[in-house]
Amino acid sequence: MSDSLEQAKARAESLRGQINEYNYQYYVLDAPTVPDAQYDRDMQELISIEKQFPELQSVSSPSQKVGGSALSAFEQVTHEVPMLSLDNAFDDVSLLAFEKRIYDRLKDNKALSFSCEPKLDGLAVSILYENGEMVRAATRGDGQVGENITTNVRTIANVPLKLRGENYPSRLEVRGEVFMPKKGFEALNDYQRANDGKVFANPRNAAAGSLRQLDSKVTAKRPLMFYAYSLGVVTPEDFELPRYHSARLAQLGDWGIPLCPDIDTAEGGKGCLEYYQRILTLRDDLPYDIDGVVFKVDDISVQQTLGFVARAPRWAIAQKFPAQEEITKLLDVEFQV
Ligand code: NAD
């Protein structure tokens with residue numbers, strides 16, 4: 001860690017340049033050149049320099065930003081409610097520190113319930129339903145402006161084009177992850193190899209590359225799936241929704257929206273850590289790729305009290321798993337740490 005301001009400034013600038021380049025390769029080109037573990041280390045180093053030297057903080061630092069810019073090949077969609085990122089915890093101690101920060105802010109030590117969700121490794125997507133019909137889908141982009149990918153999302157087999165039942169809000173924005181299950185990813189790469197096509201580094205890149213196709217016929221052939229993890233815009237505003245996030249997800253399920261079967265709830269940080277261990281043990285046997293788990297304060301009114309910081313909510317955190325592979329070799333893709 002840099003100890004003088006001058007050294008820290010030079011290191012922060014170098015890290016910012018490097019991270020901006022990684023972001024461009026990952027979010028815009030769907031072609032990362034380094035493993036996520038290295039990206040995460042660089043980002044953590046930048047965040048700790050900015051913490052140690054607050055005079056180096058800047059709103060244009062990649063530590064303050066969400067994702068990447070929208071590709072101009074697609075029509076742009078401005079999100080009515082920004083699509084943010086998540087803070088990360090890389091070990092149990094930082095997960096418990098997250099819990100303590102919440103209790104300190106609430107000035108209440110009573111254990112809260114958390115919604116516990118696998119952190120699917122795909123692409124964040126917003127799907128808008130009007131009067132029960134799917135009318136628009138968009139990528140997260142930079143959190144404010146995403147890409148209109150409606151025709152591509154319509155081809156995803158488990159995305160309902162119409163909601164079930166009748167008692168749903170007139171406008172309902174469903175947010176979730178588009179991902180490629182492991183089996184489909186392997187089959188796609190086998191096919192690509194046999195046909196001299198592009199081989200994808202991991203299911204996340206395959207999902208992103210498949211979803212951001214200009215020709216939706218290509219997307220239709222790719223084995224993509226969607227699982228919802230939150231709601232965005234709901235109109236009318238006074239539409240009665242359950243008080244807890246987990247119950248809202250269940251409500252989405254009743255309207256026919258697909259949910260990850262491994263979501264659960266837990267009491268306090270201790271319960272969250274038990275969930276983390278359970279999912280970590282299951283990780284290799286799950287049909288989809290995950291890079292951690294996400295914990296969200298379940299009570300929406302407590303979420304509202306806690307609010308947001310620049311790029312992430314205070315009431316949620318992603319606890320990342322240890323890097324599965326630091327070195328991946330895949331034909332034209334080579335990651336070295
Ligand atoms: P993030 O991955 O840390 O977390 C936010 C995202 O998690 C959401 O946008 C959503 O898509 C996803 N998510 C999955 N399940 C979820 C759930 N149940 N609830 C809420 N969100 C859920 O943040 P990010 O900004 O999307 O990406 C940053 C990460 O991407 C980095 O930590 C790094 O691992 C990777 N990355 C890698 C490179 C590279 O070059 N290798 C570059 C940029 C980013």
# chains A, B, ... in the order shown; residues from 1 in each chain; ligands from 1
>>> residues_near_ligand(ligand="ligand 1", cutoff="8 Å", atoms="only C-alpha atoms and all ligand atoms", output="ChimeraX atom specification")
/A:19,22-27,31-40,66-67,83-88,116-125,140,176-177,228-230,290-291,293-295,318
>>> residues_around(residues="range 146-152 of chain A", least_positions_apart="3", cutoff="8 Å", atoms="only C-alpha atoms", output="list in words")
Ser69, Ala70, Leu71, Phe74, Glu75, Gln76, Val77, Thr78, His79, Val135, Arg136, Ala137, Ala138, Thr139, Arg140, Gly141, Asp142, Gly143, Thr155, Ile156, Leu211, Arg212, Gln213, Ser216, Thr219 and Ala220 of chain A
>>> closest_residue(among="A:Phe200, A:Tyr103, A:Phe321, A:Tyr288", to="Tyr227 in chain A", atoms="only C-alpha atoms")
A:Tyr288
>>> select_by_dssp(residues="range 26-181 of chain A", states="alpha helix (DSSP H)", output="compact mmCIF listing (two decimals) with C-alpha atoms, in the first residue's frame")
# COMPACT_ATOMS: atom_id res chain seq x y z
CA ASP A 36 -12.40 -11.31 -12.18
CA ALA A 37 -10.12 -12.02 -9.17
CA GLN A 38 -7.46 -9.69 -10.55
CA TYR A 39 -10.05 -7.03 -11.40
CA ASP A 40 -11.42 -7.29 -7.85
CA ARG A 41 -7.92 -6.96 -6.32
CA ASP A 42 -7.17 -3.83 -8.37
CA MET A 43 -10.53 -2.33 -7.44
CA GLN A 44 -10.04 -3.10 -3.73
CA GLU A 45 -6.59 -1.49 -3.83
CA LEU A 46 -8.04 1.63 -5.47
CA ILE A 47 -10.87 1.81 -2.90
CA SER A 48 -8.44 1.49 0.01
CA ILE A 49 -6.16 4.25 -1.41
CA GLU A 50 -9.22 6.52 -1.82
CA LYS A 51 -10.24 5.73 1.76
CA GLN A 52 -6.78 6.43 3.15
CA ASP A 92 -16.74 -13.44 6.82
CA VAL A 93 -15.23 -10.52 8.74
CA SER A 94 -16.34 -7.97 6.14
CA LEU A 95 -19.80 -9.57 5.95
CA LEU A 96 -20.18 -9.14 9.73
CA ALA A 97 -18.85 -5.58 9.42
CA PHE A 98 -21.63 -4.92 6.86
CA GLU A 99 -24.19 -6.19 9.38
CA LYS A 100 -22.69 -4.01 12.14
CA ARG A 101 -22.74 -0.90 9.91
CA ILE A 102 -26.47 -1.46 9.42
CA TYR A 103 -27.19 -1.84 13.14
CA ASP A 104 -25.05 1.24 13.93
CA ARG A 105 -26.91 3.30 11.35
CA LEU A 106 -30.30 2.11 12.60
CA THR A 150 -36.45 -6.25 -26.26
CA THR A 151 -36.42 -8.46 -29.36
CA ASN A 152 -33.56 -10.53 -27.97
CA VAL A 153 -35.12 -11.00 -24.53
CA ARG A 154 -38.38 -12.10 -26.16
>>> residues_around(residues="Val174 in chain A", least_positions_apart="4", cutoff="12 Å", atoms="only C-alpha atoms", output="ChimeraX atom specification")
/A:81,83,124-130,132,134-138,159-160,163,169,226-234,248-249,251-253,255-259
>>> write_last_selection(atoms="N, CA and C atoms", output="JSON list (two decimals), in the first residue's frame")
[["chain", "number", "residue", "atom", "x", "y", "z"],
["A", 81, "VAL", "N", -35.71, 4.19, -12.58],
["A", 81, "VAL", "CA", -35.05, 3.99, -11.28],
["A", 81, "VAL", "C", -33.67, 3.42, -11.63],
["A", 83, "MET", "N", -30.25, 1.46, -12.08],
["A", 83, "MET", "CA", -29.88, 0.06, -11.80],
["A", 83, "MET", "C", -28.47, 0.07, -11.23],
["A", 124, "ALA", "N", -27.28, -8.14, -15.85],
["A", 124, "ALA", "CA", -28.47, -7.55, -15.25],
["A", 124, "ALA", "C", -29.39, -7.01, -16.34],
["A", 125, "VAL", "N", -30.67, -7.36, -16.24],
["A", 125, "VAL", "CA", -31.63, -6.93, -17.27],
["A", 125, "VAL", "C", -32.91, -6.45, -16.59],
["A", 126, "SER", "N", -33.51, -5.41, -17.18],
["A", 126, "SER", "CA", -34.79, -4.90, -16.71],
["A", 126, "SER", "C", -35.85, -5.26, -17.74],
["A", 127, "ILE", "N", -36.97, -5.83, -17.27],
["A", 127, "ILE", "CA", -38.06, -6.20, -18.20],
["A", 127, "ILE", "C", -39.32, -5.48, -17.75],
["A", 128, "LEU", "N", -39.92, -4.73, -18.66],
["A", 128, "LEU", "CA", -41.09, -3.93, -18.31],
["A", 128, "LEU", "C", -42.37, -4.58, -18.85],
["A", 129, "TYR", "N", -43.35, -4.72, -17.93],
["A", 129, "TYR", "CA", -44.67, -5.25, -18.31],
["A", 129, "TYR", "C", -45.69, -4.12, -18.19],
["A", 130, "GLU", "N", -46.47, -3.93, -19.23],
["A", 130, "GLU", "CA", -47.57, -2.95, -19.17],
["A", 130, "GLU", "C", -48.88, -3.68, -19.37],
["A", 132, "GLY", "N", -49.77, -6.24, -18.03],
["A", 132, "GLY", "CA", -49.49, -7.67, -18.06],
["A", 132, "GLY", "C", -48.70, -8.15, -19.27],
["A", 134, "MET", "N", -45.36, -8.03, -21.81],
["A", 134, "MET", "CA", -43.95, -7.62, -21.85],
["A", 134, "MET", "C", -43.77, -6.61, -23.00],
["A", 135, "VAL", "N", -43.33, -5.39, -22.66],
["A", 135, "VAL", "CA", -43.23, -4.37, -23.72],
["A", 135, "VAL", "C", -41.79, -3.92, -23.98],
["A", 136, "ARG", "N", -40.90, -4.13, -23.00],
["A", 136, "ARG", "CA", -39.54, -3.63, -23.21],
["A", 136, "ARG", "C", -38.55, -4.38, -22.31],
["A", 137, "ALA", "N", -37.34, -4.55, -22.84],
["A", 137, "ALA", "CA", -36.27, -5.10, -21.99],
["A", 137, "ALA", "C", -35.00, -4.31, -22.28],
["A", 138, "ALA", "N", -34.20, -4.09, -21.22],
["A", 138, "ALA", "CA", -33.00, -3.28, -21.39],
["A", 138, "ALA", "C", -31.86, -3.82, -20.53],
["A", 159, "VAL", "N", -38.81, -16.48, -20.19],
["A", 159, "VAL", "CA", -39.33, -15.13, -19.91],
["A", 159, "VAL", "C", -40.78, -15.06, -20.40],
["A", 160, "PRO", "N", -41.74, -14.89, -19.48],
["A", 160, "PRO", "CA", -43.13, -14.84, -19.94],
["A", 160, "PRO", "C", -43.42, -13.56, -20.72],
["A", 163, "LEU", "N", -48.06, -11.79, -18.12],
["A", 163, "LEU", "CA", -48.10, -12.20, -16.70],
["A", 163, "LEU", "C", -49.30, -13.10, -16.45],
["A", 169, "PRO", "N", -49.81, -4.85, -11.07],
["A", 169, "PRO", "CA", -49.81, -3.40, -11.34],
["A", 169, "PRO", "C", -49.83, -3.13, -12.85],
["A", 226, "PHE", "N", -33.53, -16.65, -17.57],
["A", 226, "PHE", "CA", -33.68, -15.44, -16.76],
["A", 226, "PHE", "C", -34.22, -15.83, -15.39],
["A", 227, "TYR", "N", -33.63, -15.26, -14.32],
["A", 227, "TYR", "CA", -34.21, -15.36, -12.98],
["A", 227, "TYR", "C", -34.34, -13.94, -12.42],
["A", 228, "ALA", "N", -35.51, -13.62, -11.86],
["A", 228, "ALA", "CA", -35.73, -12.28, -11.31],
["A", 228, "ALA", "C", -35.13, -12.17, -9.91],
["A", 229, "TYR", "N", -34.63, -10.99, -9.55],
["A", 229, "TYR", "CA", -34.17, -10.78, -8.17],
["A", 229, "TYR", "C", -34.68, -9.48, -7.54],
["A", 230, "SER", "N", -35.40, -8.64, -8.31],
["A", 230, "SER", "CA", -36.00, -7.45, -7.67],
["A", 230, "SER", "C", -37.03, -6.79, -8.58],
["A", 231, "LEU", "N", -37.68, -5.77, -8.03],
["A", 231, "LEU", "CA", -38.65, -4.99, -8.80],
["A", 231, "LEU", "C", -38.06, -3.59, -9.03],
["A", 232, "GLY", "N", -38.42, -2.99, -10.14],
["A", 232, "GLY", "CA", -38.04, -1.60, -10.39],
["A", 232, "GLY", "C", -39.29, -0.74, -10.25],
["A", 233, "VAL", "N", -39.69, -0.11, -11.37],
["A", 233, "VAL", "CA", -40.87, 0.77, -11.33],
["A", 233, "VAL", "C", -42.15, -0.05, -11.12],
["A", 234, "VAL", "N", -43.00, 0.47, -10.24],
["A", 234, "VAL", "CA", -44.32, -0.14, -10.07],
["A", 234, "VAL", "C", -45.35, 0.99, -10.13],
["A", 248, "ARG", "N", -42.03, -10.28, -1.94],
["A", 248, "ARG", "CA", -42.25, -9.64, -3.26],
["A", 248, "ARG", "C", -41.76, -10.57, -4.37],
["A", 249, "LEU", "N", -40.61, -11.23, -4.10],
["A", 249, "LEU", "CA", -40.12, -12.19, -5.11],
["A", 249, "LEU", "C", -41.16, -13.30, -5.30],
["A", 251, "GLN", "N", -44.25, -13.10, -4.88],
["A", 251, "GLN", "CA", -45.37, -12.51, -5.63],
["A", 251, "GLN", "C", -45.05, -12.50, -7.14],
["A", 252, "LEU", "N", -43.81, -12.15, -7.47],
["A", 252, "LEU", "CA", -43.41, -12.20, -8.89],
["A", 252, "LEU", "C", -43.58, -13.63, -9.42],
["A", 253, "GLY", "N", -43.19, -14.61, -8.58],
["A", 253, "GLY", "CA", -43.34, -16.01, -8.98],
["A", 253, "GLY", "C", -44.80, -16.34, -9.29],
["A", 255, "TRP", "N", -46.96, -14.36, -10.42],
["A", 255, "TRP", "CA", -47.32, -13.75, -11.71],
["A", 255, "TRP", "C", -46.61, -14.45, -12.89],
["A", 256, "GLY", "N", -45.88, -15.52, -12.58],
["A", 256, "GLY", "CA", -45.28, -16.32, -13.65],
["A", 256, "GLY", "C", -43.84, -15.97, -13.98],
["A", 257, "ILE", "N", -43.23, -15.10, -13.16],
["A", 257, "ILE", "CA", -41.85, -14.70, -13.40],
["A", 257, "ILE", "C", -40.90, -15.75, -12.79],
["A", 258, "PRO", "N", -39.92, -16.24, -13.54],
["A", 258, "PRO", "CA", -39.04, -17.28, -12.99],
["A", 258, "PRO", "C", -38.09, -16.77, -11.91],
["A", 259, "LEU", "N", -37.93, -17.58, -10.86],
["A", 259, "LEU", "CA", -37.07, -17.24, -9.73],
["A", 259, "LEU", "C", -36.04, -18.34, -9.54]]
>>> closest_residue(among="A:Val59, A:Leu214, A:Leu224, A:Ala208", to="Gly184 in chain A", atoms="only C-alpha atoms")
A:Leu224
>>> select_by_dssp(residues="range 223-296 of chain A", states="strand (DSSP E or B)", output="number ranges by chain")
A: 225-235, 244, 259, 264-267, 290-296
>>> atom_distance(atom1="CA of Gly292 in chain A", atom2="CA of Met180 in chain A")
16.3 Å
>>> atom_distance(atom1="CA of Leu56 in chain A", atom2="CA of Glu13 in chain A")
9.5 Å
>>> closest_residue(among="A:Asn131, A:Ile279, A:Lys9, A:Val297", to="Ser170 in chain A", atoms="only C-alpha atoms")
A:Asn131
>>> decode(residues="range 83-234 of chain A", atoms="C-alpha atoms", output="PDB file, in the first residue's frame")
ATOM      1  CA  MET A  83     -29.883   0.057 -11.803  1.00  0.00           C
ATOM      2  CA  LEU A  84     -27.065   0.017  -9.285  1.00  0.00           C
ATOM      3  CA  SER A  85     -24.248  -2.348  -8.453  1.00  0.00           C
ATOM      4  CA  LEU A  86     -23.516  -4.090  -5.134  1.00  0.00           C
ATOM      5  CA  ASP A  87     -20.811  -3.623  -2.558  1.00  0.00           C
ATOM      6  CA  ASN A  88     -18.595  -6.650  -2.079  1.00  0.00           C
ATOM      7  CA  ALA A  89     -17.447  -8.613   0.938  1.00  0.00           C
ATOM      8  CA  PHE A  90     -14.555 -10.991   0.350  1.00  0.00           C
ATOM      9  CA  ASP A  91     -14.609 -12.749   3.729  1.00  0.00           C
ATOM     10  CA  ASP A  92     -16.741 -13.439   6.818  1.00  0.00           C
ATOM     11  CA  VAL A  93     -15.235 -10.517   8.740  1.00  0.00           C
ATOM     12  CA  SER A  94     -16.336  -7.972   6.136  1.00  0.00           C
ATOM     13  CA  LEU A  95     -19.797  -9.572   5.947  1.00  0.00           C
ATOM     14  CA  LEU A  96     -20.183  -9.143   9.728  1.00  0.00           C
ATOM     15  CA  ALA A  97     -18.851  -5.575   9.424  1.00  0.00           C
ATOM     16  CA  PHE A  98     -21.631  -4.916   6.864  1.00  0.00           C
ATOM     17  CA  GLU A  99     -24.189  -6.185   9.384  1.00  0.00           C
ATOM     18  CA  LYS A 100     -22.686  -4.006  12.143  1.00  0.00           C
ATOM     19  CA  ARG A 101     -22.743  -0.901   9.907  1.00  0.00           C
ATOM     20  CA  ILE A 102     -26.466  -1.456   9.419  1.00  0.00           C
ATOM     21  CA  TYR A 103     -27.194  -1.839  13.145  1.00  0.00           C
ATOM     22  CA  ASP A 104     -25.049   1.237  13.930  1.00  0.00           C
ATOM     23  CA  ARG A 105     -26.912   3.302  11.350  1.00  0.00           C
ATOM     24  CA  LEU A 106     -30.304   2.107  12.597  1.00  0.00           C
ATOM     25  CA  LYS A 107     -29.133   2.548  16.222  1.00  0.00           C
ATOM     26  CA  ASP A 108     -30.734  -0.825  16.897  1.00  0.00           C
ATOM     27  CA  ASN A 109     -28.987  -4.145  17.516  1.00  0.00           C
ATOM     28  CA  LYS A 110     -31.985  -6.377  16.945  1.00  0.00           C
ATOM     29  CA  ALA A 111     -31.055  -9.055  14.378  1.00  0.00           C
ATOM     30  CA  LEU A 112     -32.638  -8.388  11.001  1.00  0.00           C
ATOM     31  CA  SER A 113     -33.881 -10.885   8.440  1.00  0.00           C
ATOM     32  CA  PHE A 114     -31.994 -11.051   5.165  1.00  0.00           C
ATOM     33  CA  SER A 115     -32.999 -12.342   1.771  1.00  0.00           C
ATOM     34  CA  CYS A 116     -30.223 -14.703   0.638  1.00  0.00           C
ATOM     35  CA  GLU A 117     -29.737 -15.215  -3.083  1.00  0.00           C
ATOM     36  CA  PRO A 118     -27.128 -16.917  -5.252  1.00  0.00           C
ATOM     37  CA  LYS A 119     -25.171 -14.279  -7.193  1.00  0.00           C
ATOM     38  CA  LEU A 120     -25.833 -15.475 -10.710  1.00  0.00           C
ATOM     39  CA  ASP A 121     -22.980 -14.707 -13.042  1.00  0.00           C
ATOM     40  CA  GLY A 122     -24.726 -13.223 -16.035  1.00  0.00           C
ATOM     41  CA  LEU A 123     -26.080  -9.867 -17.106  1.00  0.00           C
ATOM     42  CA  ALA A 124     -28.473  -7.553 -15.250  1.00  0.00           C
ATOM     43  CA  VAL A 125     -31.631  -6.935 -17.271  1.00  0.00           C
ATOM     44  CA  SER A 126     -34.787  -4.899 -16.705  1.00  0.00           C
ATOM     45  CA  ILE A 127     -38.055  -6.204 -18.198  1.00  0.00           C
ATOM     46  CA  LEU A 128     -41.089  -3.926 -18.315  1.00  0.00           C
ATOM     47  CA  TYR A 129     -44.673  -5.246 -18.309  1.00  0.00           C
ATOM     48  CA  GLU A 130     -47.567  -2.947 -19.166  1.00  0.00           C
ATOM     49  CA  ASN A 131     -51.056  -4.249 -18.428  1.00  0.00           C
ATOM     50  CA  GLY A 132     -49.485  -7.672 -18.060  1.00  0.00           C
ATOM     51  CA  GLU A 133     -47.724  -7.678 -21.466  1.00  0.00           C
ATOM     52  CA  MET A 134     -43.954  -7.622 -21.851  1.00  0.00           C
ATOM     53  CA  VAL A 135     -43.230  -4.370 -23.718  1.00  0.00           C
ATOM     54  CA  ARG A 136     -39.538  -3.632 -23.214  1.00  0.00           C
ATOM     55  CA  ALA A 137     -36.267  -5.100 -21.991  1.00  0.00           C
ATOM     56  CA  ALA A 138     -32.997  -3.279 -21.389  1.00  0.00           C
ATOM     57  CA  THR A 139     -29.472  -3.935 -20.141  1.00  0.00           C
ATOM     58  CA  ARG A 140     -28.167  -2.146 -17.027  1.00  0.00           C
ATOM     59  CA  GLY A 141     -25.552  -0.201 -19.049  1.00  0.00           C
ATOM     60  CA  ASP A 142     -23.991   2.439 -16.794  1.00  0.00           C
ATOM     61  CA  GLY A 143     -26.907   2.184 -14.377  1.00  0.00           C
ATOM     62  CA  GLN A 144     -28.667   5.271 -15.791  1.00  0.00           C
ATOM     63  CA  VAL A 145     -28.852   4.393 -19.497  1.00  0.00           C
ATOM     64  CA  GLY A 146     -28.979   0.864 -20.912  1.00  0.00           C
ATOM     65  CA  GLU A 147     -29.519  -0.768 -24.294  1.00  0.00           C
ATOM     66  CA  ASN A 148     -32.914  -1.717 -25.683  1.00  0.00           C
ATOM     67  CA  ILE A 149     -32.710  -5.498 -26.176  1.00  0.00           C
ATOM     68  CA  THR A 150     -36.451  -6.252 -26.256  1.00  0.00           C
ATOM     69  CA  THR A 151     -36.424  -8.458 -29.359  1.00  0.00           C
ATOM     70  CA  ASN A 152     -33.557 -10.534 -27.968  1.00  0.00           C
ATOM     71  CA  VAL A 153     -35.121 -11.000 -24.526  1.00  0.00           C
ATOM     72  CA  ARG A 154     -38.381 -12.105 -26.165  1.00  0.00           C
ATOM     73  CA  THR A 155     -36.494 -15.158 -27.480  1.00  0.00           C
ATOM     74  CA  ILE A 156     -35.545 -16.372 -23.962  1.00  0.00           C
ATOM     75  CA  ALA A 157     -37.717 -19.408 -23.364  1.00  0.00           C
ATOM     76  CA  ASN A 158     -38.508 -18.860 -19.665  1.00  0.00           C
ATOM     77  CA  VAL A 159     -39.333 -15.127 -19.913  1.00  0.00           C
ATOM     78  CA  PRO A 160     -43.133 -14.845 -19.940  1.00  0.00           C
ATOM     79  CA  LEU A 161     -44.496 -12.481 -22.578  1.00  0.00           C
ATOM     80  CA  LYS A 162     -47.656 -12.180 -20.494  1.00  0.00           C
ATOM     81  CA  LEU A 163     -48.100 -12.196 -16.702  1.00  0.00           C
ATOM     82  CA  ARG A 164     -50.285 -14.823 -15.042  1.00  0.00           C
ATOM     83  CA  GLY A 165     -53.449 -13.921 -13.160  1.00  0.00           C
ATOM     84  CA  GLU A 166     -55.102 -10.516 -13.165  1.00  0.00           C
ATOM     85  CA  ASN A 167     -54.178  -8.609 -10.041  1.00  0.00           C
ATOM     86  CA  TYR A 168     -50.864  -7.078 -11.102  1.00  0.00           C
ATOM     87  CA  PRO A 169     -49.811  -3.404 -11.341  1.00  0.00           C
ATOM     88  CA  SER A 170     -50.467  -1.670 -14.667  1.00  0.00           C
ATOM     89  CA  ARG A 171     -46.708  -1.066 -15.034  1.00  0.00           C
ATOM     90  CA  LEU A 172     -44.299  -3.532 -13.504  1.00  0.00           C
ATOM     91  CA  GLU A 173     -40.552  -3.507 -14.023  1.00  0.00           C
ATOM     92  CA  VAL A 174     -38.905  -6.813 -13.182  1.00  0.00           C
ATOM     93  CA  ARG A 175     -35.147  -6.905 -12.687  1.00  0.00           C
ATOM     94  CA  GLY A 176     -33.001  -9.970 -12.786  1.00  0.00           C
ATOM     95  CA  GLU A 177     -30.145 -11.831 -14.364  1.00  0.00           C
ATOM     96  CA  VAL A 178     -29.932 -13.321 -17.845  1.00  0.00           C
ATOM     97  CA  PHE A 179     -27.454 -16.183 -17.708  1.00  0.00           C
ATOM     98  CA  MET A 180     -26.391 -19.293 -19.566  1.00  0.00           C
ATOM     99  CA  PRO A 181     -26.715 -22.566 -17.618  1.00  0.00           C
ATOM    100  CA  LYS A 182     -23.471 -24.583 -17.438  1.00  0.00           C
ATOM    101  CA  LYS A 183     -24.707 -27.414 -19.686  1.00  0.00           C
ATOM    102  CA  GLY A 184     -25.879 -25.008 -22.379  1.00  0.00           C
ATOM    103  CA  PHE A 185     -22.554 -23.149 -22.179  1.00  0.00           C
ATOM    104  CA  GLU A 186     -20.555 -26.341 -22.725  1.00  0.00           C
ATOM    105  CA  ALA A 187     -22.797 -27.386 -25.631  1.00  0.00           C
ATOM    106  CA  LEU A 188     -22.476 -23.917 -27.194  1.00  0.00           C
ATOM    107  CA  ASN A 189     -18.675 -23.966 -26.981  1.00  0.00           C
ATOM    108  CA  ASP A 190     -18.571 -27.506 -28.446  1.00  0.00           C
ATOM    109  CA  TYR A 191     -20.686 -26.246 -31.322  1.00  0.00           C
ATOM    110  CA  GLN A 192     -18.556 -23.136 -31.783  1.00  0.00           C
ATOM    111  CA  ARG A 193     -15.334 -25.203 -31.807  1.00  0.00           C
ATOM    112  CA  ALA A 194     -16.765 -27.624 -34.361  1.00  0.00           C
ATOM    113  CA  ASN A 195     -17.824 -24.701 -36.563  1.00  0.00           C
ATOM    114  CA  ASP A 196     -14.764 -22.461 -36.139  1.00  0.00           C
ATOM    115  CA  GLY A 197     -16.881 -19.968 -34.222  1.00  0.00           C
ATOM    116  CA  LYS A 198     -15.958 -17.773 -31.275  1.00  0.00           C
ATOM    117  CA  VAL A 199     -15.275 -19.781 -28.113  1.00  0.00           C
ATOM    118  CA  PHE A 200     -16.450 -18.026 -24.941  1.00  0.00           C
ATOM    119  CA  ALA A 201     -14.261 -17.667 -21.840  1.00  0.00           C
ATOM    120  CA  ASN A 202     -17.082 -18.386 -19.372  1.00  0.00           C
ATOM    121  CA  PRO A 203     -20.895 -18.560 -19.148  1.00  0.00           C
ATOM    122  CA  ARG A 204     -21.079 -14.850 -18.240  1.00  0.00           C
ATOM    123  CA  ASN A 205     -19.367 -13.788 -21.452  1.00  0.00           C
ATOM    124  CA  ALA A 206     -21.416 -16.248 -23.467  1.00  0.00           C
ATOM    125  CA  ALA A 207     -24.619 -14.791 -21.986  1.00  0.00           C
ATOM    126  CA  ALA A 208     -23.530 -11.185 -22.582  1.00  0.00           C
ATOM    127  CA  GLY A 209     -22.347 -11.905 -26.137  1.00  0.00           C
ATOM    128  CA  SER A 210     -25.562 -13.775 -26.938  1.00  0.00           C
ATOM    129  CA  LEU A 211     -27.869 -11.136 -25.528  1.00  0.00           C
ATOM    130  CA  ARG A 212     -26.255  -8.183 -27.243  1.00  0.00           C
ATOM    131  CA  GLN A 213     -26.612  -9.609 -30.748  1.00  0.00           C
ATOM    132  CA  LEU A 214     -27.957  -7.336 -33.438  1.00  0.00           C
ATOM    133  CA  ASP A 215     -29.691 -10.347 -35.006  1.00  0.00           C
ATOM    134  CA  SER A 216     -32.214 -11.826 -32.560  1.00  0.00           C
ATOM    135  CA  LYS A 217     -32.229 -15.094 -34.552  1.00  0.00           C
ATOM    136  CA  VAL A 218     -28.724 -15.711 -33.167  1.00  0.00           C
ATOM    137  CA  THR A 219     -29.909 -14.997 -29.608  1.00  0.00           C
ATOM    138  CA  ALA A 220     -32.860 -17.371 -30.101  1.00  0.00           C
ATOM    139  CA  LYS A 221     -30.428 -20.248 -30.705  1.00  0.00           C
ATOM    140  CA  ARG A 222     -28.494 -19.597 -27.504  1.00  0.00           C
ATOM    141  CA  PRO A 223     -29.509 -21.427 -24.299  1.00  0.00           C
ATOM    142  CA  LEU A 224     -30.265 -18.368 -22.151  1.00  0.00           C
ATOM    143  CA  MET A 225     -32.387 -18.202 -19.009  1.00  0.00           C
ATOM    144  CA  PHE A 226     -33.682 -15.443 -16.757  1.00  0.00           C
ATOM    145  CA  TYR A 227     -34.212 -15.360 -12.977  1.00  0.00           C
ATOM    146  CA  ALA A 228     -35.733 -12.279 -11.306  1.00  0.00           C
ATOM    147  CA  TYR A 229     -34.171 -10.776  -8.170  1.00  0.00           C
ATOM    148  CA  SER A 230     -35.997  -7.450  -7.673  1.00  0.00           C
ATOM    149  CA  LEU A 231     -38.645  -4.985  -8.796  1.00  0.00           C
ATOM    150  CA  GLY A 232     -38.037  -1.597 -10.394  1.00  0.00           C
ATOM    151  CA  VAL A 233     -40.869   0.768 -11.333  1.00  0.00           C
ATOM    152  CA  VAL A 234     -44.322  -0.144 -10.067  1.00  0.00           C
TER     153      VAL A 234
END
